[in-house]
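Structure file data39.pdb (PDB, C-alpha atoms) is printed below.
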```pdb
ATOM      1  CA  MET A   1     -18.910   0.183   2.829  1.00  0.00           C
ATOM      2  CA  LYS A   2     -15.780  -1.947   2.674  1.00  0.00           C
ATOM      3  CA  THR A   3     -12.635   0.097   2.138  1.00  0.00           C
ATOM      4  CA  GLY A   4      -9.349  -1.039   0.623  1.00  0.00           C
ATOM      5  CA  VAL A   5      -6.027   0.767   0.465  1.00  0.00           C
ATOM      6  CA  ILE A   6      -3.274   0.202  -2.054  1.00  0.00           C
ATOM      7  CA  LEU A   7      -0.035   1.283  -0.441  1.00  0.00           C
ATOM      8  CA  TYR A   8       2.456   2.239  -3.159  1.00  0.00           C
ATOM      9  CA  ILE A   9       5.885   2.102  -1.511  1.00  0.00           C
ATOM     10  CA  VAL A  10       8.788   4.102  -2.925  1.00  0.00           C
ATOM     11  CA  GLY A  11      12.418   4.457  -1.864  1.00  0.00           C
ATOM     12  CA  GLY A  12      15.025   2.179  -0.427  1.00  0.00           C
ATOM     13  CA  GLU A  13      17.665   0.109  -2.157  1.00  0.00           C
ATOM     14  CA  ASP A  14      15.929  -3.230  -1.705  1.00  0.00           C
ATOM     15  CA  PRO A  15      12.476  -2.802  -0.140  1.00  0.00           C
ATOM     16  CA  TYR A  16      12.266  -6.448   0.909  1.00  0.00           C
ATOM     17  CA  ASP A  17      15.457  -6.247   2.966  1.00  0.00           C
ATOM     18  CA  GLY A  18      14.985  -5.316   6.612  1.00  0.00           C
ATOM     19  CA  LEU A  19      11.378  -4.094   6.335  1.00  0.00           C
ATOM     20  CA  ASP A  20       8.733  -5.882   8.393  1.00  0.00           C
ATOM     21  CA  LEU A  21       5.865  -4.944   6.102  1.00  0.00           C
ATOM     22  CA  GLU A  22       3.042  -5.981   8.439  1.00  0.00           C
ATOM     23  CA  GLN A  23       4.490  -4.004  11.354  1.00  0.00           C
ATOM     24  CA  ALA A  24       5.231  -0.992   9.128  1.00  0.00           C
ATOM     25  CA  VAL A  25       1.670  -0.941   7.728  1.00  0.00           C
ATOM     26  CA  ASN A  26       0.173  -1.310  11.214  1.00  0.00           C
ATOM     27  CA  GLY A  27       2.229   1.710  12.299  1.00  0.00           C
ATOM     28  CA  LEU A  28       0.443   3.863   9.694  1.00  0.00           C
ATOM     29  CA  ASN A  29      -2.960   3.381  11.382  1.00  0.00           C
ATOM     30  CA  LEU A  30      -4.799   3.131   8.075  1.00  0.00           C
ATOM     31  CA  GLU A  31      -8.567   2.915   8.337  1.00  0.00           C
ATOM     32  CA  ALA A  32      -9.183   0.108   5.873  1.00  0.00           C
ATOM     33  CA  ASP A  33     -10.677  -3.349   5.767  1.00  0.00           C
ATOM     34  CA  ARG A  34      -7.846  -4.596   3.537  1.00  0.00           C
ATOM     35  CA  VAL A  35      -4.428  -3.277   2.521  1.00  0.00           C
ATOM     36  CA  GLU A  36      -2.364  -4.362  -0.483  1.00  0.00           C
ATOM     37  CA  ALA A  37       1.269  -3.236  -0.697  1.00  0.00           C
ATOM     38  CA  VAL A  38       2.974  -2.532  -4.011  1.00  0.00           C
ATOM     39  CA  TYR A  39       6.680  -1.710  -4.309  1.00  0.00           C
ATOM     40  CA  SER A  40       7.664   0.810  -6.964  1.00  0.00           C
ATOM     41  CA  ARG A  41      10.521  -1.451  -8.096  1.00  0.00           C
ATOM     42  CA  SER A  42       8.396  -4.594  -8.376  1.00  0.00           C
ATOM     43  CA  SER A  43       7.615  -5.833 -11.858  1.00  0.00           C
ATOM     44  CA  ASN A  44       5.403  -8.785 -10.913  1.00  0.00           C
ATOM     45  CA  PHE A  45       2.671  -7.078  -8.799  1.00  0.00           C
ATOM     46  CA  ASP A  46       1.569  -3.544  -9.621  1.00  0.00           C
ATOM     47  CA  VAL A  47      -1.254  -1.127  -8.778  1.00  0.00           C
ATOM     48  CA  MET A  48      -3.590  -2.739 -11.318  1.00  0.00           C
ATOM     49  CA  ASP A  49      -3.034  -6.181  -9.754  1.00  0.00           C
ATOM     50  CA  ALA A  50      -3.661  -4.772  -6.259  1.00  0.00           C
ATOM     51  CA  TRP A  51      -6.818  -2.982  -7.450  1.00  0.00           C
ATOM     52  CA  TRP A  52      -8.136  -6.213  -8.970  1.00  0.00           C
ATOM     53  CA  SER A  53      -7.324  -8.156  -5.805  1.00  0.00           C
ATOM     54  CA  LEU A  54      -9.198  -5.676  -3.596  1.00  0.00           C
ATOM     55  CA  THR A  55     -12.147  -5.545  -5.992  1.00  0.00           C
ATOM     56  CA  ALA A  56     -12.352  -9.343  -5.999  1.00  0.00           C
ATOM     57  CA  LYS A  57     -12.385  -9.296  -2.176  1.00  0.00           C
ATOM     58  CA  GLY A  58     -15.465  -7.032  -2.174  1.00  0.00           C
ATOM     59  CA  MET A  59     -13.920  -3.637  -1.485  1.00  0.00           C
ATOM     60  CA  LYS A  60     -16.259  -0.867  -2.705  1.00  0.00           C
ATOM     61  CA  GLN A  61     -13.969   2.099  -2.024  1.00  0.00           C
ATOM     62  CA  ILE A  62     -10.306   1.794  -3.006  1.00  0.00           C
ATOM     63  CA  VAL A  63      -7.679   4.473  -2.432  1.00  0.00           C
ATOM     64  CA  CYS A  64      -4.033   4.398  -3.502  1.00  0.00           C
ATOM     65  CA  LYS A  65      -1.702   6.083  -1.004  1.00  0.00           C
ATOM     66  CA  ILE A  66       1.991   6.787  -1.516  1.00  0.00           C
ATOM     67  CA  ALA A  67       4.408   5.806   1.270  1.00  0.00           C
ATOM     68  CA  GLU A  68       8.174   6.196   1.582  1.00  0.00           C
ATOM     69  CA  ILE A  69      10.534   3.872   3.370  1.00  0.00           C
ATOM     70  CA  ALA A  70      11.766   5.766   6.419  1.00  0.00           C
ATOM     71  CA  ASN A  71      15.071   4.770   8.034  1.00  0.00           C
ATOM     72  CA  GLY A  72      14.918   1.366   6.373  1.00  0.00           C
ATOM     73  CA  SER A  73      12.500  -0.026   8.951  1.00  0.00           C
ATOM     74  CA  GLY A  74       9.261   1.947   8.732  1.00  0.00           C
ATOM     75  CA  LEU A  75       6.917   3.732   6.373  1.00  0.00           C
ATOM     76  CA  ARG A  76       5.829   7.351   6.146  1.00  0.00           C
ATOM     77  CA  LEU A  77       2.811   8.521   4.130  1.00  0.00           C
ATOM     78  CA  THR A  78       3.564  11.347   1.687  1.00  0.00           C
ATOM     79  CA  GLY A  79       0.038  12.755   1.810  1.00  0.00           C
ATOM     80  CA  ARG A  80      -0.572  12.028  -1.864  1.00  0.00           C
ATOM     81  CA  GLU A  81      -3.446   9.716  -2.649  1.00  0.00           C
ATOM     82  CA  LEU A  82      -5.738   8.781  -5.491  1.00  0.00           C
ATOM     83  CA  ARG A  83      -9.256   7.364  -5.206  1.00  0.00           C
ATOM     84  CA  LEU A  84      -9.524   4.472  -7.658  1.00  0.00           C
ATOM     85  CA  CYS A  85     -13.172   3.573  -7.083  1.00  0.00           C
ATOM     86  CA  GLY A  86     -16.077   4.139  -4.722  1.00  0.00           C
TER      87      GLY A  86
END
```
As a first step, turn the structure in this file into C-alpha cells.
Amino acid sequence: MKTGVILYIVGGEDPYDGLDLEQAVNGLNLEADRVEAVYSRSSNFDVMDAWWSLTAKGMKQIVCKIAEIANGSGLRLTGRELRLCG
C-alpha cells in the first residue's frame, strides 16, 4: 500500500529562510512513498491541498504529522499525528 505523509511545519519567523526542506525531511527518516510539506503560515498551500495532491498520486494511506523547526535548520517531530485516509 502506498503511503503518503503530510508534514505540517510550525514555528520559525520565516520558514523559507535558511531551511533546506529536502535535507530536513530526509533527516526525519519518514517511512513514506511521498511527502508533502505544509507551513502553518502559508496561505496558498494547506493540508487539504496536500491531501488532494497525495491522493491524486495514488497514495492509499495518508498521515499528517506535526513538525517544529529546530534551531532554524532542521525539523523535529512533535509526536502528534492524524490519519487522514487508509
Two-atom distance - CA of Leu77 (chain A), CA of Leu54 (chain A) (Å): 20.1 Å
Mind telling me what the PyMOL selection byres ((chain A and resi 29-31) around 12) catches here, as a ChimeraX atom specification? /A:2-7,22-28,32-36,61-65,67,75-77
Can you measure CA of Gly11 (chain A) to CA of Asn71 (chain A) for me? One decimal in Å is fine. 10.3 Å
Between CA of Ser53 (chain A) and CA of Met1 (chain A) - distance in Å to one decimal: 16.7 Å
Would you please work out which residue, of A:Thr78, A:Asp20, A:Leu84, A:Ser73, is nearest to Ala50 (chain A) when using only C-alpha atoms? A:Leu84
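In terms of minimum interatomic distance to Leu19 (chain A), A:Gly74 ranks closest within A:Arg83, A:Ile66, A:Gly74, A:Asp49, counting only C-alpha atoms.
Residue nearest Ile9 (chain A), chosen from A:Glu81, A:Asn44, A:Ala56, A:Glu68 and counting all atoms listed in the file: A:Glu68.
If only C-alpha atoms are the atoms counted, then among A:Tyr8, A:Cys85, A:Arg80, A:Lys57 the closest residue to Ala37 (chain A) is A:Tyr8.
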